[in-house]
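Structure data follow from upload.txt (compact mmCIF, C-alpha atoms):
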# COMPACT_ATOMS: atom_id res chain seq x y z
CA MET A 1 0.00 0.00 0.00
CA PRO A 2 1.45 3.41 -0.96
CA HIS A 3 2.59 5.71 1.83
CA ILE A 4 0.54 8.57 0.37
CA GLU A 5 -2.87 8.78 -1.25
CA ILE A 6 -2.64 8.21 -5.02
CA PRO A 7 -5.91 9.70 -6.31
CA SER A 8 -5.59 8.15 -9.77
CA GLY A 9 -5.00 4.66 -8.39
CA LEU A 10 -2.36 4.12 -11.09
CA PRO A 11 0.63 1.91 -10.22
CA GLY A 12 4.32 2.74 -10.06
CA ILE A 13 5.74 6.06 -11.04
CA THR A 14 2.65 6.84 -13.11
CA GLY A 15 0.44 7.25 -10.08
CA LEU A 16 3.06 9.36 -8.35
CA LEU A 17 3.46 11.61 -11.38
CA GLU A 18 -0.31 11.97 -11.76
CA SER A 19 -0.45 13.04 -8.11
CA ARG A 20 1.83 16.01 -8.83
CA LEU A 21 1.11 17.31 -12.31
CA ASP A 22 2.99 20.51 -11.44
CA THR A 23 6.26 18.54 -11.38
CA SER A 24 5.45 15.57 -13.59
CA GLU A 25 5.57 17.40 -16.93
CA SER A 26 9.21 18.36 -16.39
CA ILE A 27 10.10 14.84 -15.23
CA ARG A 28 8.40 13.26 -18.24
CA GLU A 29 10.01 15.70 -20.70
CA LEU A 30 13.46 15.07 -19.22
CA THR A 31 12.96 11.30 -19.44
CA GLN A 32 11.72 11.61 -23.02
CA PHE A 33 14.75 13.68 -24.02
CA ILE A 34 17.28 11.46 -22.24
CA LEU A 35 15.85 8.10 -23.39
CA ARG A 36 14.32 8.99 -26.76
CA GLY A 37 16.05 12.18 -27.89
CA PRO A 38 19.00 12.48 -30.25
CA SER A 39 21.92 10.32 -29.14
CA SER A 40 24.62 8.04 -30.49
CA LEU A 41 23.28 5.52 -27.95
CA THR A 42 20.32 3.65 -29.39
CA GLU A 43 16.99 3.66 -27.59
CA GLY A 44 17.59 0.00 -26.76
CA GLU A 45 21.01 0.75 -25.27
CA ARG A 46 19.50 3.50 -23.13
CA GLU A 47 16.73 1.14 -21.97
CA LEU A 48 19.41 -1.41 -21.03
CA ILE A 49 21.19 1.24 -18.95
CA ALA A 50 17.90 2.01 -17.18
CA SER A 51 17.27 -1.73 -16.75
CA ILE A 52 20.62 -2.55 -15.17
CA VAL A 53 20.21 0.31 -12.69
CA CYS A 54 16.60 -0.54 -11.77
CA ASP A 55 17.46 -4.22 -11.38
CA GLY A 56 20.46 -3.44 -9.18
CA ASN A 57 18.31 -1.14 -7.05
CA GLU A 58 15.70 -3.91 -6.76
CA CYS A 59 12.89 -1.57 -7.79
CA GLN A 60 10.34 -4.09 -9.02
CA PHE A 61 8.07 -1.71 -10.92
CA CYS A 62 10.89 0.06 -12.75
CA THR A 63 12.80 -3.17 -13.40
CA ARG A 64 9.78 -4.83 -14.96
CA ALA A 65 8.89 -1.72 -16.98
CA HIS A 66 12.37 -1.19 -18.41
CA THR A 67 13.49 -4.78 -18.90
CA THR A 68 10.28 -5.50 -20.78
CA THR A 69 10.82 -2.37 -22.88
CA ALA A 70 14.50 -3.22 -23.47
CA ALA A 71 13.43 -6.65 -24.71
CA ARG A 72 11.48 -4.89 -27.49
CA TYR A 73 14.79 -3.54 -28.76
CA VAL A 74 17.23 -6.40 -28.15
CA GLY A 75 14.98 -9.31 -29.00
CA SER A 76 14.03 -11.18 -25.84
CA MET A 77 13.67 -11.00 -22.09
CA ASP A 78 16.16 -13.86 -21.75
CA LEU A 79 18.78 -11.79 -23.56
CA VAL A 80 18.03 -8.75 -21.40
CA ARG A 81 18.41 -10.86 -18.24
CA SER A 82 21.72 -12.32 -19.45
CA ILE A 83 23.02 -8.82 -20.27
CA ILE A 84 22.04 -7.53 -16.83
CA ASP A 85 23.59 -10.57 -15.13
CA ASN A 86 26.93 -10.18 -16.93
CA PRO A 87 27.25 -7.30 -19.38
CA LEU A 88 30.88 -8.14 -20.22
CA ALA A 89 29.92 -11.66 -21.34
CA SER A 90 26.98 -10.45 -23.42
CA PRO A 91 26.84 -10.46 -27.21
CA LEU A 92 26.66 -6.67 -27.19
CA HIS A 93 29.35 -4.48 -28.68
CA PRO A 94 32.09 -4.00 -26.06
CA ARG A 95 31.32 -0.25 -26.04
CA ILE A 96 27.83 -0.73 -24.59
CA SER A 97 29.01 -3.55 -22.32
CA ARG A 98 31.55 -1.20 -20.74
CA LEU A 99 28.95 1.57 -20.47
CA LEU A 100 26.65 -0.83 -18.61
CA VAL A 101 29.48 -1.54 -16.18
CA ILE A 102 29.78 2.23 -15.61
CA ALA A 103 26.01 2.46 -15.06
CA SER A 104 26.22 -0.32 -12.47
CA ALA A 105 29.05 1.52 -10.73
CA VAL A 106 27.00 4.74 -10.60
CA ARG A 107 24.12 2.78 -9.07
CA ALA A 108 26.29 1.18 -6.41
CA SER A 109 28.26 4.32 -5.52
CA PRO A 110 29.01 7.23 -7.84
CA ARG A 111 32.55 7.36 -6.48
CA GLY A 112 32.96 3.82 -7.78
CA VAL A 113 33.21 5.18 -11.32
CA SER A 114 36.97 4.87 -11.59
CA GLN A 115 39.29 6.23 -14.23
CA GLU A 116 39.94 2.61 -15.16
CA LEU A 117 36.25 2.08 -16.00
CA ILE A 118 36.25 5.26 -18.08
CA ASP A 119 39.48 4.29 -19.86
CA ASP A 120 38.10 0.80 -20.59
CA ALA A 121 34.99 2.33 -22.17
CA ARG A 122 37.05 4.76 -24.23
CA ARG A 123 39.35 1.96 -25.43
CA VAL A 124 36.39 0.21 -27.05
CA GLY A 125 34.99 3.36 -28.66
CA ALA A 126 32.80 5.10 -26.08
CA THR A 127 32.77 8.86 -26.49
CA ASP A 128 32.74 11.43 -23.70
CA VAL A 129 29.12 12.24 -24.58
CA GLU A 130 28.15 8.55 -24.29
CA ILE A 131 29.95 8.28 -20.94
CA HIS A 132 28.21 11.45 -19.77
CA ASP A 133 24.80 10.23 -20.92
CA THR A 134 25.31 6.82 -19.30
CA VAL A 135 26.08 8.42 -15.95
CA LEU A 136 23.12 10.79 -16.36
CA ILE A 137 20.70 7.94 -17.19
CA ALA A 138 22.01 5.88 -14.27
CA ALA A 139 21.69 8.80 -11.84
CA LEU A 140 18.22 9.65 -13.14
CA PHE A 141 16.99 6.10 -12.67
CA CYS A 142 18.46 5.90 -9.18
CA MET A 143 16.27 8.89 -8.37
CA TYR A 144 13.21 7.31 -10.01
CA ASN A 145 13.76 4.04 -8.15
CA ARG A 146 13.95 5.87 -4.84
CA TYR A 147 10.84 7.89 -5.73
CA VAL A 148 8.83 4.76 -6.60
CA ASP A 149 10.00 2.60 -3.70
CA GLY A 150 10.32 5.43 -1.17
CA LEU A 151 6.59 6.06 -1.49
CA ALA A 152 5.79 2.32 -1.71
CA SER A 153 3.96 2.64 -5.02
CA VAL A 154 2.01 -0.36 -6.27
CA CYS A 155 3.62 -2.87 -8.63
CA PRO A 156 1.16 -4.93 -10.68
CA ASP A 157 1.65 -8.71 -10.71
CA ASP A 158 0.23 -9.00 -14.22
CA ASP A 159 2.85 -9.50 -16.95
CA ALA A 160 0.31 -8.22 -19.48
CA TYR A 161 0.42 -4.81 -17.78
CA PHE A 162 4.15 -4.53 -18.43
CA GLU A 163 3.81 -5.83 -21.99
CA THR A 164 1.28 -3.08 -22.72
CA LEU A 165 3.48 -0.53 -20.98
CA ALA A 166 6.53 -1.63 -22.99
CA ASP A 167 4.54 -1.36 -26.21
CA ARG A 168 3.67 2.23 -25.35
CA LEU A 169 7.13 3.22 -24.12
CA SER A 170 8.82 1.78 -27.20
CA THR A 171 6.43 3.47 -29.63
CA GLN A 172 5.20 6.65 -27.91
CA GLY A 173 7.89 7.35 -25.34
CA TYR A 174 7.57 8.97 -21.96
CA VAL A 175 5.53 12.12 -22.46
CA ARG A 176 2.01 12.27 -21.08
CA LYS A 177 -0.60 11.64 -23.75
CA GLY A 178 -3.55 12.16 -21.43
CA LEU A 179 -4.59 10.42 -18.24
CA ALA A 180 -6.43 7.67 -20.11
CA ASN A 181 -3.20 6.57 -21.79
CA ALA A 182 -0.75 7.38 -19.02
CA THR A 183 0.70 4.15 -17.67
CA HIS A 184 4.25 5.28 -16.87
The structure given in the file should be rewritten as structure tokens.
Amino acid sequence: MPHIEIPSGLPGITGLLESRLDTSESIRELTQFILRGPSSLTEGERELIASIVCDGNECQFCTRAHTTTAARYVGSMDLVRSIIDNPLASPLHPRISRLLVIASAVRASPRGVSQELIDDARRVGATDVEIHDTVLIAALFCMYNRYVDGLASVCPDDDAYFETLADRLSTQGYVRKGLANATH
């Protein structure tokens, strides 16, 4: 049960955002720009960064939302799980594998992002902008995870909910299209 009243009754971050429309528009626009705006990182790579952070933070709603969405881009939930479990052993390009390691370090402790991790990412082709954006995405999702779990928002048990959410996030993105369509 959420720690605060969620008038809309919507689960996860959606209900929280709908409770504070004065702040939610900025949050949604930032998320849209960071995860769907112009970038040399693909939308799938950015969803994987969000996924590895949410999974590491054990935020069930965000993990299910973003791993299901990432699967739309990389091909399967099994592949997403294997990437999260060991990014360096994944079939991904070494550049994104190293960026996922950086994202995990940000999640665990921002001071854990060592020069060695940065140098490893650069050695396999990561740019300063990609390193910057990886750290930004990781930091942003740490905040979202704390927002969702800190207020004990509801996490649906129904896989179909997250499939529908992933369909919307992968096609429409993160901006609010109206309360009737707002699920994240």
Discussion item. Residues within 9 Å of segment 80-86 of chain A, please, as a ChimeraX atom specification. Count all atoms listed in the file; anything in the same chain fewer than 4 positions from it doesn't count.
Written reply: /A:48,51-52,55-56,67-68,70-71,74-76,90-92,97,100
Response to the item:
Using all atoms listed in the file, the shortest atom-to-atom distance to Pro110 of chain A among A:Pro87, A:Asp149, A:Leu79, A:Cys142 belongs to A:Cys142
Worksheet item: Excluding same-chain residues fewer than 2 positions from Phe162 of chain A, what lies within 8 Å of it counting all atoms listed in the file, as a PyMOL selection string?
Response: chain A and resi 64-65+68+158-160+164-166
Take the residues just selected and output them with C-alpha atoms as an mmCIF file, in the coordinates of the input.
data_model
loop_
_atom_site.group_PDB
_atom_site.id
_atom_site.type_symbol
_atom_site.label_atom_id
_atom_site.label_comp_id
_atom_site.auth_asym_id
_atom_site.auth_seq_id
_atom_site.Cartn_x
_atom_site.Cartn_y
_atom_site.Cartn_z
ATOM 1 C CA ARG A 64 9.780 -4.830 -14.960
ATOM 2 C CA ALA A 65 8.890 -1.720 -16.980
ATOM 3 C CA THR A 68 10.280 -5.500 -20.780
ATOM 4 C CA ASP A 158 0.230 -9.000 -14.220
ATOM 5 C CA ASP A 159 2.850 -9.500 -16.950
ATOM 6 C CA ALA A 160 0.310 -8.220 -19.480
ATOM 7 C CA THR A 164 1.280 -3.080 -22.720
ATOM 8 C CA LEU A 165 3.480 -0.530 -20.980
ATOM 9 C CA ALA A 166 6.530 -1.630 -22.990
#
Worksheet item: Hey, what's within 10 Å of Ile118 of chain A if we count only C-alpha atoms and toss same-chain stuff fewer than 2 positions away? As number ranges by chain, please?
Response: A: 98-99, 101-102, 113-116, 120-123, 126-128, 131
Worksheet item: Need the neighbours of (-0.7, -3.6, -11.1): which residues are at most 9 Å away, counting only C-alpha atoms, as a list of chain:residue names?
Response: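 Checked against the point, the hits come out as A:Leu10, A:Pro11, A:Gly12, A:Phe61, A:Val154, A:Cys155, A:Pro156, A:Asp157, A:Asp158, A:Tyr161, A:Phe162.
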Write out, as an mmCIF file, in the frame of the given file, the residues just selected, with C-alpha atoms.
data_model
loop_
_atom_site.group_PDB
_atom_site.id
_atom_site.type_symbol
_atom_site.label_atom_id
_atom_site.label_comp_id
_atom_site.auth_asym_id
_atom_site.auth_seq_id
_atom_site.Cartn_x
_atom_site.Cartn_y
_atom_site.Cartn_z
ATOM 1 C CA LEU A 10 -2.360 4.120 -11.090
ATOM 2 C CA PRO A 11 0.630 1.910 -10.220
ATOM 3 C CA GLY A 12 4.320 2.740 -10.060
ATOM 4 C CA PHE A 61 8.070 -1.710 -10.920
ATOM 5 C CA VAL A 154 2.010 -0.360 -6.270
ATOM 6 C CA CYS A 155 3.620 -2.870 -8.630
ATOM 7 C CA PRO A 156 1.160 -4.930 -10.680
ATOM 8 C CA ASP A 157 1.650 -8.710 -10.710
ATOM 9 C CA ASP A 158 0.230 -9.000 -14.220
ATOM 10 C CA TYR A 161 0.420 -4.810 -17.780
ATOM 11 C CA PHE A 162 4.150 -4.530 -18.430
#
Worksheet item: Could you name the residues that touch segment 20-25 of chain A at 12 Å or less, counting only C-alpha atoms, but leaving out those on the same chain fewer than 2 positions away, as a ChimeraX atom specification?
Response: /A:4-8,13-18,27-32,144,174-179,182,184
Worksheet item: What is the distance, in Å and to one decimal place, between atom CA of Gln60 of chain A and atom CA of Leu35 of chain A?
Response: 19.6 Å
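Each of A:Phe33, A:Glu47, A:Arg107, A:Asp133 was compared to Arg72 of chain A using all atoms listed in the file, and A:Glu47 turns out to be the nearest.
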Response to the item:
Restricting to only C-alpha atoms, whichever of A:Ser19, A:Ile49, A:Gly37, A:Cys62 is closest to Arg146 of chain A is A:Cys62
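Proximity ranking of A:Asn145, A:Gly9, A:Ala89, A:Asp119 relative to Ala50 of chain A places A:Asn145 first, based on all atoms listed in the file.
Atom pair atom CA of Met77 of chain A / atom CA of Gly112 of chain A: separated by 28.2 Å.
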Item to complete: Could you jot down the atom CA of Ala108 of chain A to atom CA of Ile96 of chain A separation for me, Å, one decimal place?
Response: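 Going from atom CA of Ala108 of chain A over to atom CA of Ile96 of chain A covers 18.3 Å.
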Worksheet entry | Nearest residue to Tyr73 of chain A from the set A:Val124, A:Leu169, A:Ser26, A:Tyr147 (distances using all atoms listed in the file) | A:Leu169
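If you measure from each of A:Met143, A:Val53, A:Leu41, A:Met1 to Val129 of chain A using all atoms listed in the file, the closest one turns out to be A:Leu41.
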